[in-house]
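Following: one structure in structure tokens, then a few remarks.
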Amino acid sequence: MTIQAHIASLEKKHGALEEELETVLASPSSDDQQIVDLKRKKLRLKDEMQRLKISTRH
């Protein structure tokens, strides 16, 4: 898998997590721990995408 394909895959996962997070936040009985976990996963993916994008510039 090329780096660009990997970045695209991570972006797709990030978008899916965003949708899941929005669904959980819209639920009146949302679980705080689940929200925190989703946000952490999104942040890890974002950090990985940034790292890969920077590494491809050099």
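Order determines the names: the first chain of the structure tokens is A, the second B, and so forth; residues in each chain are numbered 1 upward, and ligands are numbered 1 upward as they are shown.
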- Message: Report as a list of chain:residue names all protein, DNA and RNA residues lying within 12 Å of A:Lys42, evaluated on only C-alpha atoms, omitting residues in the same chain fewer than 5 positions from it.
- Response: A:Leu10, A:Glu11, A:Lys12, A:Lys13, A:His14, A:Gly15, A:Ala16, A:Leu17, A:Glu18, A:Glu19, A:Glu20, A:Leu21, A:Ile35, A:Val36, A:Asp37, A:Asp47, A:Glu48, A:Met49
- Task: For stretch 31-34 of chain A, please output as a PyMOL selection string all residues within 12 Å (counting only C-alpha atoms; exclusion window: fewer than 5 positions along the same chain).
- Result: chain A and resi 17+20-26+39-41
- Item | 12 Å contact set for A:Arg57, only C-alpha atoms, chain neighbours under 6 positions out, as a VMD selection string | chain A and resid 3 to 4 50 to 51
Keeping only C-alpha atoms, write those residues as a PDB file, in the first residue's frame.
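The new file result-v1.pdb reads:
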```
ATOM      1  CA  ILE A   3       1.568   6.156   1.642  1.00  0.00           C
ATOM      2  CA  GLN A   4      -1.132   8.106  -0.192  1.00  0.00           C
ATOM      3  CA  GLN A  50      -0.268  14.430   9.767  1.00  0.00           C
ATOM      4  CA  ARG A  51       2.882  12.403  10.409  1.00  0.00           C
TER       5      ARG A  51
END
```
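One finds atom CA of A:Leu45 at 9.3 Å from atom CA of A:Ile7.
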